[in-house]
>>> print(open('protein-v9.csv').read())   # CSV, C-alpha atoms
chain,number,residue,atom,x,y,z
A,4,MET,CA,105.1,-15.2,-24.4
A,5,LYS,CA,104.7,-18.4,-22.5
A,6,GLN,CA,105.1,-16.6,-19.2
A,7,GLY,CA,102.5,-14.1,-20.1
A,8,ALA,CA,100.1,-16.8,-21.2
A,9,SER,CA,100.6,-18.6,-17.8
A,10,ILE,CA,99.9,-15.4,-15.9
A,11,ASN,CA,96.7,-14.9,-17.9
A,12,ARG,CA,95.5,-18.4,-17.1
A,13,ILE,CA,96.2,-17.9,-13.4
A,14,VAL,CA,94.3,-14.6,-13.3
A,15,MET,CA,91.4,-16.2,-15.1
A,16,PHE,CA,91.4,-19.2,-12.7
A,17,LEU,CA,91.4,-16.9,-9.7
A,18,PHE,CA,88.6,-14.8,-11.1
A,19,PHE,CA,86.5,-17.9,-11.9
A,20,ALA,CA,87.2,-19.3,-8.4
A,21,ALA,CA,86.1,-16.0,-6.8
A,22,ILE,CA,82.8,-16.1,-8.7
A,23,VAL,CA,82.2,-19.7,-7.7
A,24,LEU,CA,82.9,-18.9,-4.0
A,25,TYR,CA,80.6,-15.9,-4.1
A,26,LEU,CA,77.7,-17.8,-5.6
A,27,GLY,CA,78.3,-20.8,-3.3
A,28,GLY,CA,78.3,-18.5,-0.3
A,29,ALA,CA,75.1,-16.8,-1.4
A,30,THR,CA,73.4,-20.1,-2.0
A,31,TRP,CA,74.5,-21.5,1.4
A,32,LYS,CA,73.3,-18.3,3.2
A,33,GLY,CA,70.0,-18.6,1.4
A,34,LEU,CA,69.6,-22.2,2.5
A,35,ARG,CA,70.6,-21.4,6.1
A,36,ASP,CA,68.6,-18.1,6.4
A,37,PRO,CA,65.9,-18.8,8.9
A,38,TYR,CA,64.0,-15.7,8.0
A,39,PRO,CA,63.6,-15.6,4.2
A,40,THR,CA,61.4,-12.8,2.8
A,41,MET,CA,59.1,-12.3,-0.2
A,42,PRO,CA,57.9,-9.0,-1.7
A,43,VAL,CA,54.3,-7.9,-1.1
A,44,TYR,CA,52.4,-6.7,-4.2
A,45,GLU,CA,48.9,-5.5,-5.1
A,46,TYR,CA,46.6,-8.2,-6.4
A,47,ALA,CA,42.9,-8.8,-7.0
A,48,VAL,CA,40.7,-11.9,-6.5
A,49,GLU,CA,37.9,-12.1,-9.0
A,50,ASP,CA,34.5,-13.7,-8.7
A,51,THR,CA,33.9,-15.1,-12.2
A,52,VAL,CA,31.5,-17.5,-14.0
A,53,GLU,CA,32.6,-19.3,-17.2
A,54,ALA,CA,30.1,-19.5,-20.0
A,55,THR,CA,30.1,-20.8,-23.6
A,56,GLY,CA,27.8,-19.2,-26.1
A,57,TYR,CA,27.5,-17.5,-29.5
A,58,LEU,CA,27.9,-13.9,-30.7
A,59,VAL,CA,24.8,-12.7,-32.5
A,60,ARG,CA,24.9,-9.7,-34.9
A,61,ARG,CA,22.7,-8.3,-37.6
A,62,GLU,CA,24.5,-9.5,-40.7
A,63,LYS,CA,24.0,-9.5,-44.5
A,64,VAL,CA,26.0,-12.0,-46.6
A,65,LEU,CA,27.6,-10.6,-49.8
A,66,THR,CA,27.7,-12.9,-52.8
A,67,GLY,CA,29.3,-12.9,-56.2
A,68,SER,CA,30.2,-15.5,-58.8
A,69,PHE,CA,33.4,-14.8,-60.8
A,70,GLY,CA,36.8,-16.4,-61.2
A,71,ILE,CA,39.0,-14.4,-58.8
A,72,VAL,CA,37.9,-12.2,-55.9
A,73,ARG,CA,39.8,-9.3,-54.4
A,74,LEU,CA,38.3,-7.9,-51.2
A,75,ILE,CA,38.8,-4.1,-50.8
A,76,PRO,CA,38.0,-3.3,-47.2
A,77,GLY,CA,40.0,-4.9,-44.3
A,78,GLU,CA,38.5,-7.1,-41.6
A,79,GLY,CA,36.4,-4.9,-39.2
A,80,GLU,CA,36.6,-1.8,-41.5
A,81,LYS,CA,33.7,0.5,-41.8
A,82,VAL,CA,32.2,0.9,-45.3
A,83,HIS,CA,29.6,3.3,-46.6
A,84,ALA,CA,26.6,2.6,-48.8
A,85,GLY,CA,27.7,2.4,-52.4
A,86,ALA,CA,31.3,1.6,-51.6
A,87,THR,CA,33.0,-1.2,-53.5
A,88,VAL,CA,33.7,-4.2,-51.2
A,89,ALA,CA,35.0,-6.6,-53.8
A,90,LEU,CA,36.4,-6.7,-57.3
A,91,LEU,CA,35.6,-9.9,-59.4
A,92,TYR,CA,38.0,-10.9,-62.1
A,93,ALA,CA,37.2,-13.4,-64.9
A,94,ASP,CA,40.7,-14.9,-64.9
A,95,GLN,CA,44.3,-14.4,-63.9
A,96,LEU,CA,45.0,-12.3,-67.0
A,97,SER,CA,42.2,-9.8,-66.0
A,98,LEU,CA,43.8,-9.6,-62.5
A,99,GLU,CA,47.2,-8.9,-63.9
A,100,ARG,CA,45.8,-6.2,-66.3
A,101,SER,CA,44.1,-4.5,-63.3
A,102,ASP,CA,47.3,-4.5,-61.3
A,103,ARG,CA,49.2,-3.1,-64.3
A,104,LEU,CA,46.5,-0.4,-64.7
A,105,LYS,CA,46.9,0.7,-61.1
A,106,VAL,CA,50.7,0.9,-61.4
A,107,LEU,CA,50.4,3.0,-64.6
A,108,GLU,CA,47.8,5.4,-63.1
A,109,ASN,CA,50.2,6.0,-60.1
A,110,GLU,CA,53.0,6.6,-62.6
A,111,VAL,CA,51.0,9.2,-64.5
A,112,GLU,CA,50.3,11.0,-61.3
A,113,GLN,CA,53.9,11.2,-60.4
A,114,LEU,CA,55.0,12.3,-63.8
A,115,THR,CA,52.4,15.1,-63.8
A,116,VAL,CA,53.6,16.4,-60.5
A,117,ALA,CA,57.2,16.4,-61.8
A,118,ILE,CA,56.1,18.4,-64.9
A,119,GLU,CA,54.2,20.9,-62.9
A,120,THR,CA,57.3,21.7,-60.8
A,121,ALA,CA,59.6,21.9,-63.8
A,122,GLY,CA,61.3,25.2,-64.4
A,123,LYS,CA,60.5,26.7,-61.0
A,124,GLY,CA,64.2,26.8,-60.1
A,125,ASP,CA,63.7,26.2,-56.4
A,126,PRO,CA,67.1,27.0,-54.7
A,127,ASN,CA,66.2,24.7,-51.8
A,128,ASP,CA,65.5,21.7,-54.1
A,129,HIS,CA,66.7,18.4,-52.6
A,130,SER,CA,65.6,16.1,-55.5
A,131,GLY,CA,69.1,14.6,-55.8
A,132,GLU,CA,69.2,13.9,-52.1
A,133,ASN,CA,65.7,12.4,-52.2
A,134,VAL,CA,66.8,10.0,-55.0
A,135,LEU,CA,69.7,8.8,-52.9
A,136,ASN,CA,67.7,8.4,-49.7
A,137,SER,CA,64.8,6.6,-51.5
A,138,MET,CA,67.3,4.2,-53.1
A,139,ILE,CA,69.0,3.5,-49.8
A,140,SER,CA,65.7,2.8,-48.1
A,141,LEU,CA,64.6,0.5,-50.9
A,142,ARG,CA,67.8,-1.4,-51.0
A,143,SER,CA,67.9,-1.8,-47.2
A,144,ALA,CA,64.4,-3.2,-47.1
A,145,VAL,CA,65.2,-5.8,-49.8
A,146,GLU,CA,68.4,-6.9,-48.1
A,147,LYS,CA,66.5,-7.4,-44.8
A,148,GLY,CA,63.7,-9.3,-46.6
A,149,ASP,CA,61.2,-6.7,-45.3
A,150,LEU,CA,58.7,-6.4,-48.2
A,151,THR,CA,55.8,-5.0,-46.1
A,152,ARG,CA,56.4,-1.4,-47.5
A,153,LEU,CA,57.9,-2.4,-50.9
A,154,GLU,CA,55.2,-0.8,-53.0
A,155,SER,CA,55.3,2.5,-51.2
A,156,GLN,CA,59.1,2.6,-51.2
A,157,SER,CA,59.2,1.8,-54.9
A,158,THR,CA,56.7,4.6,-55.6
A,159,ALA,CA,58.8,7.1,-53.5
A,160,PHE,CA,61.9,6.1,-55.4
A,161,LYS,CA,60.4,6.6,-58.9
A,162,SER,CA,58.8,9.9,-57.8
A,163,ALA,CA,62.2,11.1,-56.6
A,164,VAL,CA,63.8,10.1,-60.0
A,165,TYR,CA,61.1,12.1,-61.9
A,166,GLN,CA,61.6,15.1,-59.7
A,167,GLN,CA,65.4,14.9,-60.4
A,168,ALA,CA,64.7,14.6,-64.1
A,169,GLN,CA,62.7,17.8,-64.3
A,170,ARG,CA,65.4,19.7,-62.4
A,171,TYR,CA,67.7,19.1,-65.3
A,172,GLY,CA,65.3,20.4,-67.9
A,173,GLU,CA,63.8,17.0,-69.0
A,174,ALA,CA,60.2,18.1,-68.7
A,175,ALA,CA,59.6,17.5,-72.4
A,176,ASP,CA,60.7,13.9,-72.1
A,177,LEU,CA,58.4,13.5,-69.1
A,178,SER,CA,55.5,14.9,-71.1
A,179,ALA,CA,56.1,12.3,-73.8
A,180,ALA,CA,56.2,9.6,-71.1
A,181,VAL,CA,52.9,10.8,-69.8
A,182,ALA,CA,51.3,10.6,-73.2
A,183,SER,CA,52.7,7.1,-73.8
A,184,THR,CA,51.6,5.8,-70.4
A,185,GLN,CA,48.1,7.4,-70.8
A,186,SER,CA,47.7,5.6,-74.1
A,187,GLU,CA,48.5,2.2,-72.5
A,188,ILE,CA,46.1,3.0,-69.7
A,189,GLU,CA,43.2,3.6,-72.1
A,190,THR,CA,44.0,0.3,-73.9
A,191,LEU,CA,44.0,-1.6,-70.6
A,192,ARG,CA,40.8,0.0,-69.4
A,193,ALA,CA,39.1,-1.2,-72.6
A,194,GLN,CA,40.4,-4.7,-72.2
A,195,THR,CA,39.4,-5.0,-68.5
A,196,ALA,CA,36.0,-3.3,-68.7
A,197,GLN,CA,34.2,-6.6,-69.8
A,198,ASN,CA,36.2,-8.9,-67.4
A,199,VAL,CA,35.9,-7.1,-64.1
A,200,GLY,CA,32.8,-7.0,-61.9
A,201,ARG,CA,32.1,-5.2,-58.7
A,202,VAL,CA,30.2,-5.9,-55.5
A,203,GLU,CA,29.0,-2.8,-53.8
A,204,ALA,CA,27.5,-2.3,-50.3
A,205,ASP,CA,23.8,-1.4,-50.5
A,206,ARG,CA,24.0,0.0,-47.0
A,207,SER,CA,26.7,1.1,-44.5
A,208,GLY,CA,28.2,-1.3,-42.0
A,209,ILE,CA,31.2,-3.1,-40.7
A,210,PHE,CA,32.8,-5.5,-43.2
A,211,SER,CA,34.0,-9.0,-42.4
A,212,GLY,CA,35.5,-11.5,-44.8
A,213,GLN,CA,34.4,-14.5,-42.8
A,214,VAL,CA,31.1,-16.2,-43.5
A,215,ASP,CA,30.3,-19.2,-41.2
A,216,GLY,CA,26.7,-20.2,-42.1
A,217,TYR,CA,25.3,-18.8,-38.8
A,218,GLU,CA,24.3,-15.4,-40.3
A,219,ASN,CA,20.7,-16.4,-40.8
A,220,LEU,CA,20.4,-18.8,-37.9
A,221,LEU,CA,21.6,-16.3,-35.3
A,222,SER,CA,19.9,-13.0,-35.6
A,223,PRO,CA,18.8,-10.3,-33.2
A,224,ASP,CA,15.2,-11.0,-34.5
A,225,ASN,CA,15.2,-14.7,-33.3
A,226,MET,CA,17.7,-14.9,-30.5
A,227,GLU,CA,15.0,-14.9,-27.8
A,228,LEU,CA,13.9,-18.2,-29.2
A,229,LEU,CA,17.3,-19.8,-28.5
A,230,THR,CA,16.9,-22.3,-25.7
A,231,PRO,CA,19.7,-24.2,-24.0
A,232,SER,CA,18.8,-27.3,-26.1
A,233,ILE,CA,18.9,-25.3,-29.4
A,234,LEU,CA,22.3,-23.8,-28.4
A,235,ARG,CA,23.7,-27.3,-27.7
A,236,ALA,CA,22.4,-28.5,-31.1
A,237,LEU,CA,24.4,-25.7,-32.7
A,238,ASP,CA,27.5,-26.9,-31.0
A,239,ASP,CA,27.2,-30.3,-32.6
A,240,ASN,CA,26.3,-29.3,-36.2
A,241,ALA,CA,28.5,-27.4,-38.6
A,242,GLN,CA,26.6,-25.0,-40.8
A,243,ALA,CA,26.8,-25.0,-44.6
A,244,VAL,CA,28.3,-21.9,-46.2
A,245,ASP,CA,27.1,-20.5,-49.5
A,246,ALA,CA,29.9,-21.2,-52.1
A,247,THR,CA,29.3,-17.7,-53.7
A,248,ALA,CA,29.7,-15.9,-50.3
A,249,LEU,CA,32.4,-13.2,-50.5
A,250,GLY,CA,32.0,-11.7,-47.0
A,251,LYS,CA,29.3,-10.0,-45.0
A,252,LEU,CA,28.2,-6.6,-43.7
A,253,ILE,CA,27.4,-6.1,-40.0
A,254,THR,CA,24.7,-3.5,-40.3
A,255,ASP,CA,24.0,-2.8,-36.6
A,256,SER,CA,26.5,-1.5,-34.1
A,257,THR,CA,24.9,-3.5,-31.2
A,258,TRP,CA,26.0,-7.1,-30.9
A,259,TYR,CA,24.9,-9.8,-28.5
A,260,PHE,CA,26.3,-12.8,-26.6
A,261,VAL,CA,23.8,-15.7,-26.0
A,262,CYS,CA,24.8,-18.4,-23.6
A,263,PRO,CA,23.2,-21.1,-21.3
A,264,MET,CA,23.9,-20.7,-17.6
A,265,THR,CA,23.1,-22.8,-14.6
A,266,VAL,CA,20.1,-21.6,-12.6
A,267,SER,CA,22.3,-20.5,-9.7
A,268,ASP,CA,24.6,-18.5,-12.0
A,269,ALA,CA,21.7,-16.9,-13.9
A,270,GLN,CA,20.2,-15.8,-10.6
A,271,ARG,CA,23.2,-13.6,-10.1
A,272,CYS,CA,22.1,-11.6,-13.2
A,273,THR,CA,19.4,-9.0,-13.4
A,274,VAL,CA,18.1,-7.3,-16.5
A,275,GLY,CA,19.9,-4.1,-17.1
A,276,MET,CA,23.0,-4.8,-15.0
A,277,LYS,CA,26.5,-4.2,-16.4
A,278,VAL,CA,28.9,-7.2,-16.4
A,279,PRO,CA,32.5,-7.2,-17.6
A,280,VAL,CA,33.0,-10.1,-20.0
A,281,ARG,CA,36.5,-11.3,-20.7
A,282,PHE,CA,37.4,-12.9,-24.0
A,283,SER,CA,40.6,-14.9,-24.1
A,284,ARG,CA,40.6,-17.6,-26.7
A,285,ASP,CA,40.4,-16.1,-30.3
A,286,TRP,CA,40.6,-12.5,-29.1
A,287,SER,CA,42.0,-11.1,-25.8
A,288,GLY,CA,39.9,-8.3,-24.5
A,289,GLU,CA,37.3,-7.3,-21.8
A,290,VAL,CA,34.0,-5.8,-22.8
A,291,ASN,CA,31.4,-4.2,-20.5
A,292,MET,CA,28.1,-5.8,-21.5
A,293,THR,CA,24.5,-5.3,-20.4
A,294,VAL,CA,22.2,-8.1,-19.4
A,295,GLU,CA,19.3,-7.8,-21.9
A,296,ARG,CA,17.2,-10.9,-21.1
A,297,ILE,CA,17.1,-13.9,-18.8
A,298,GLY,CA,15.1,-16.7,-20.3
A,299,VAL,CA,13.1,-19.6,-19.1
A,300,GLU,CA,14.7,-22.6,-17.3
A,301,GLU,CA,15.1,-25.8,-19.2
A,302,ASN,CA,16.6,-28.8,-17.5
A,303,GLY,CA,18.5,-26.8,-15.0
A,304,GLN,CA,19.8,-24.2,-17.5
A,305,VAL,CA,18.7,-20.7,-18.4
A,306,PRO,CA,19.5,-18.8,-21.6
A,307,VAL,CA,21.0,-15.4,-20.9
A,308,ILE,CA,21.4,-12.6,-23.5
A,309,LEU,CA,24.0,-9.8,-23.0
A,310,SER,CA,24.6,-6.9,-25.4
A,311,SER,CA,27.3,-4.3,-26.2
A,312,ASN,CA,27.9,-1.6,-28.7
A,313,ARG,CA,31.6,-1.5,-28.1
A,314,ASN,CA,34.6,-3.4,-29.8
A,315,LEU,CA,32.4,-4.5,-32.7
A,316,SER,CA,35.4,-4.3,-35.2
A,317,ASP,CA,37.5,-6.4,-32.8
A,318,THR,CA,35.0,-9.2,-32.6
A,319,THR,CA,33.9,-9.7,-36.2
A,320,LEU,CA,35.7,-13.0,-36.5
A,321,LEU,CA,34.3,-14.5,-33.3
A,322,ARG,CA,31.2,-16.8,-33.1
A,323,ARG,CA,31.3,-19.6,-30.6
A,324,GLN,CA,33.3,-18.4,-27.6
A,325,THR,CA,34.0,-19.4,-24.0
A,326,VAL,CA,34.1,-16.3,-21.8
A,327,GLU,CA,34.3,-15.2,-18.2
A,328,LEU,CA,31.6,-13.1,-16.6
A,329,ILE,CA,33.3,-11.0,-13.9
A,330,PHE,CA,30.8,-10.4,-11.1
A,331,ALA,CA,33.2,-8.9,-8.6
A,332,GLN,CA,36.8,-7.9,-8.1
A,333,ARG,CA,38.3,-7.6,-4.7
A,334,PRO,CA,41.7,-5.8,-4.5
A,335,GLY,CA,44.2,-6.3,-1.8
A,336,LEU,CA,47.8,-7.2,-1.0
A,337,ARG,CA,49.1,-10.7,-2.0
A,338,VAL,CA,51.4,-12.4,0.6
A,339,PRO,CA,52.6,-16.0,0.9
A,340,THR,CA,50.2,-18.0,3.0
A,341,ALA,CA,53.1,-19.2,5.2
A,342,ALA,CA,53.7,-15.6,6.2
A,343,VAL,CA,50.3,-15.1,7.8
A,344,ARG,CA,50.2,-15.8,11.6
A,345,MET,CA,47.5,-15.6,14.2
A,346,GLU,CA,48.5,-13.8,17.4
A,347,ASP,CA,45.9,-13.0,20.1
A,348,GLY,CA,43.0,-13.5,17.7
A,349,GLN,CA,44.5,-11.1,15.1
A,350,SER,CA,46.0,-12.1,11.8
A,351,VAL,CA,49.5,-10.5,11.4
A,352,VAL,CA,52.5,-10.6,9.1
A,353,TYR,CA,56.1,-9.6,9.9
A,354,VAL,CA,58.0,-7.4,7.6
A,355,GLN,CA,61.8,-6.9,7.6
A,356,VAL,CA,62.6,-3.2,8.2
A,357,GLY,CA,66.4,-2.8,8.2
A,358,VAL,CA,67.7,-5.5,10.4
A,359,THR,CA,64.6,-5.9,12.6
A,360,ALA,CA,61.2,-7.5,12.2
A,361,GLU,CA,58.1,-5.3,12.4
A,362,LYS,CA,54.6,-6.7,13.0
A,363,LYS,CA,51.7,-5.6,10.7
A,364,PRO,CA,48.1,-6.5,11.6
A,365,VAL,CA,46.1,-7.6,8.5
A,366,THR,CA,42.6,-8.7,7.6
A,367,ILE,CA,42.3,-11.8,5.4
A,368,LEU,CA,40.2,-11.2,2.3
A,369,ALA,CA,40.7,-14.5,0.5
A,370,GLN,CA,43.0,-17.5,1.1
A,371,LYS,CA,44.4,-19.9,-1.5
A,372,ASP,CA,46.9,-22.8,-1.2
A,373,ASP,CA,50.0,-20.7,-1.9
A,374,TYR,CA,48.9,-17.2,-1.2
A,375,THR,CA,46.6,-15.1,0.9
A,376,LEU,CA,44.9,-11.8,-0.1
A,377,VAL,CA,45.0,-9.4,2.8
A,378,GLU,CA,44.4,-5.7,3.6
A,379,PRO,CA,46.1,-3.7,6.3
A,380,VAL,CA,44.3,-3.0,9.6
A,381,ILE,CA,44.1,0.7,10.2
A,382,ALA,CA,42.4,2.0,13.4
A,383,ASP,CA,40.0,4.9,13.0
A,384,ASP,CA,42.1,6.9,15.5
A,385,ALA,CA,45.4,6.0,14.1
A,386,SER,CA,48.0,8.8,13.9
A,387,GLU,CA,49.7,9.8,10.6
A,388,LYS,CA,52.8,8.0,11.8
A,389,GLN,CA,50.9,4.8,12.5
A,390,ARG,CA,49.2,4.9,9.2
A,391,LYS,CA,52.6,5.1,7.4
A,392,LYS,CA,53.7,1.9,9.2
A,393,VAL,CA,50.9,-0.3,7.9
A,394,LEU,CA,51.6,-3.1,5.4
A,395,ARG,CA,52.2,-1.8,1.9
A,396,SER,CA,53.0,-3.0,-1.6
A,397,GLY,CA,56.8,-3.5,-1.9
A,398,ASP,CA,57.3,-4.5,1.8
A,399,ALA,CA,59.5,-7.6,2.4
A,400,VAL,CA,57.3,-9.9,4.3
A,401,ILE,CA,59.0,-12.7,6.4
A,402,VAL,CA,57.9,-16.1,5.2
A,403,ALA,CA,59.3,-18.4,7.9
A,404,GLY,CA,60.9,-18.5,11.3
A,405,GLU,CA,59.7,-20.5,14.3
A,406,LYS,CA,60.1,-17.6,16.8
A,407,ILE,CA,59.6,-14.0,15.8
A,408,TRP,CA,58.4,-10.9,17.6
A,409,ASP,CA,58.0,-7.2,17.0
A,410,GLY,CA,61.4,-5.5,17.1
A,411,MET,CA,63.3,-8.7,16.9
A,412,VAL,CA,66.8,-8.3,15.4
A,413,LEU,CA,67.2,-10.6,12.4
A,414,GLU,CA,70.6,-12.3,12.4
>>> encode(input="protein-v9.csv", output="structure tokens")
Amino acid sequence: MKQGASINRIVMFLFFAAIVLYLGGATWKGLRDPYPTMPVYEYAVEDTVEATGYLVRREKVLTGSFGIVRLIPGEGEKVHAGATVALLYADQLSLERSDRLKVLENEVEQLTVAIETAGKGDPNDHSGENVLNSMISLRSAVEKGDLTRLESQSTAFKSAVYQQAQRYGEAADLSAAVASTQSEIETLRAQTAQNVGRVEADRSGIFSGQVDGYENLLSPDNMELLTPSILRALDDNAQAVDATALGKLITDSTWYFVCPMTVSDAQRCTVGMKVPVRFSRDWSGEVNMTVERIGVEENGQVPVILSSNRNLSDTTLLRRQTVELIFAQRPGLRVPTAAVRMEDGQSVVYVQVGVTAEKKPVTILAQKDDYTLVEPVIADDASEKQRKKVLRSGDAVIVAGEKIWDGMVLE
């Protein structure tokens, strides 16, 4: 045993030493390599302007005064006129009764389905298997602490149990359960009728549960009056929110972004032009917006209004935002600045092809401290073979090397 343990230790030591020698050699070679390479990849330089402003929408605040509020639609969900957007409960007991009522109504529905299928004698019935699968699914979710689908999983389990009961001729018992449950439902409905209120939408729109006090200050009807000084004043003053506000309806699909811009930046805009606007703080997304209006200069700044009828449901929680207006995107190939050389008045890079260096003429599109955006130079009369040899994404461009020439063998 001792001899075997010693051999194992020797083998492990030799294995570890081999790894260290390999890594050390690779590191030494990398440090000594006079012609290191970096991959070329596609990239784009953007011409952008940053602006801070406000989202403006046609909004109606929904109010209600009761003890406990339960909102029905989700954030950004579309609702129709007459739809219930909130339930108002007088107290916690009323809320618990309402929850109990919902559970019982679902149970009656499941029992009724089980009774209707009783006695049909389906030879392909899998009710027993369904009970087992539902139980396993429910137990697994509880053990994992995943309660996101607990209600639906519990409902599926009870439904499977009811289906199994009817298979064994217990339809009469199920009918008695329905009658008992229905009686409890009627009692709960009578108790909750006086203690539950509803808030309904008087028109269709997009629902938002956030009310920030700007709903009346910022409206499509008055946004043309917003000067740079007024927008700055909004930045410094928080708005009061109605204590009875439950949420709001956005009743127009078109929304706006109003922002002050410097005169030089505003001059780049023309009414009707399309501008991609990138949001990145509270929501990450890019929206194509239309320049609706360019206002009057005030102390070197100009109010600019942009509009869109896209992504409304994604932006319901946004109000004051800093965005980027993208005026141009220039695509090209990104290479390290150290790889670009000037030879006979032409910018070139060298690419490792096999064991040789191959020269690739390029045109510089943009230059930064650590990288340069280039595009390959292709002569109008270039042959198909020559076109295939131009710089492409994925090439290994040579970053350093004092002396290098086309066809040079790299040692």
>>> residues_near_point(input="protein-v9.csv", point="(27.8, -1.0, -30.8)", cutoff="7 Å", atoms="only C-alpha atoms", output="PDB file with C-alpha atoms, in the frame of the given file")
ATOM      1  CA  SER A 256      26.500  -1.500 -34.100  1.00  0.00           C
ATOM      2  CA  THR A 257      24.900  -3.500 -31.200  1.00  0.00           C
ATOM      3  CA  TRP A 258      26.000  -7.100 -30.900  1.00  0.00           C
ATOM      4  CA  SER A 311      27.300  -4.300 -26.200  1.00  0.00           C
ATOM      5  CA  ASN A 312      27.900  -1.600 -28.700  1.00  0.00           C
ATOM      6  CA  ARG A 313      31.600  -1.500 -28.100  1.00  0.00           C
ATOM      7  CA  LEU A 315      32.400  -4.500 -32.700  1.00  0.00           C
TER       8      LEU A 315
END
>>> atom_distance(input="protein-v9.csv", atom1="CA of Val393 in chain A", atom2="CA of Gln370 in chain A")
20.1 Å
>>> closest_residue(input="protein-v9.csv", among="A:Pro263, A:Pro334, A:Gly397, A:Gly404", to="Pro39 in chain A", atoms="all atoms listed in the file")
A:Gly404
>>> closest_residue(input="protein-v9.csv", among="A:Val244, A:Ala382, A:Glu110, A:Leu309", to="Ala180 in chain A", atoms="only C-alpha atoms")
A:Glu110
>>> atom_distance(input="protein-v9.csv", atom1="CA of Trp286 in chain A", atom2="CA of Leu58 in chain A")
12.9 Å
>>> decode(input="protein-v9.csv", residues="range 269-281 of chain A", atoms="N, CA, C and O atoms", output="CSV table (one decimal), in the first residue's frame")
chain,number,residue,atom,x,y,z
A,269,ALA,N,-29.1,71.1,-32.0
A,269,ALA,CA,-30.5,71.2,-32.6
A,269,ALA,C,-30.5,71.5,-34.1
A,269,ALA,O,-31.4,71.1,-34.8
A,270,GLN,N,-29.4,72.1,-34.5
A,270,GLN,CA,-29.3,72.4,-36.0
A,270,GLN,C,-29.1,71.2,-36.8
A,270,GLN,O,-29.3,71.2,-38.0
A,271,ARG,N,-28.8,70.1,-36.2
A,271,ARG,CA,-28.6,68.8,-36.9
A,271,ARG,C,-29.9,68.1,-37.1
A,271,ARG,O,-30.0,67.1,-37.8
A,272,CYS,N,-31.0,68.7,-36.5
A,272,CYS,CA,-32.3,68.1,-36.6
A,272,CYS,C,-33.1,68.9,-37.6
A,272,CYS,O,-33.0,70.1,-37.6
A,273,THR,N,-34.0,68.2,-38.3
A,273,THR,CA,-35.0,68.9,-39.1
A,273,THR,C,-36.4,68.2,-38.9
A,273,THR,O,-36.4,67.0,-38.6
A,274,VAL,N,-37.4,69.0,-38.9
A,274,VAL,CA,-38.7,68.5,-38.6
A,274,VAL,C,-39.1,67.4,-39.6
A,274,VAL,O,-38.9,67.5,-40.8
A,275,GLY,N,-39.5,66.3,-39.1
A,275,GLY,CA,-39.9,65.1,-39.9
A,275,GLY,C,-38.8,64.1,-40.1
A,275,GLY,O,-39.1,62.9,-40.5
A,276,MET,N,-37.6,64.4,-39.7
A,276,MET,CA,-36.5,63.4,-39.8
A,276,MET,C,-36.6,62.3,-38.8
A,276,MET,O,-37.2,62.5,-37.7
A,277,LYS,N,-36.2,61.1,-39.1
A,277,LYS,CA,-36.2,60.0,-38.2
A,277,LYS,C,-34.8,59.9,-37.4
A,277,LYS,O,-33.8,60.0,-38.1
A,278,VAL,N,-34.9,59.7,-36.1
A,278,VAL,CA,-33.7,59.6,-35.3
A,278,VAL,C,-33.8,58.4,-34.4
A,278,VAL,O,-34.7,58.4,-33.6
A,279,PRO,N,-32.9,57.5,-34.4
A,279,PRO,CA,-32.8,56.4,-33.4
A,279,PRO,C,-32.5,57.0,-32.1
A,279,PRO,O,-31.5,57.8,-32.0
A,280,VAL,N,-33.3,56.7,-31.0
A,280,VAL,CA,-33.0,57.2,-29.7
A,280,VAL,C,-32.8,56.0,-28.8
A,280,VAL,O,-33.6,55.1,-28.7
A,281,ARG,N,-31.6,56.0,-28.1
A,281,ARG,CA,-31.3,54.9,-27.3
A,281,ARG,C,-31.5,55.2,-25.8
A,281,ARG,O,-30.9,56.2,-25.3
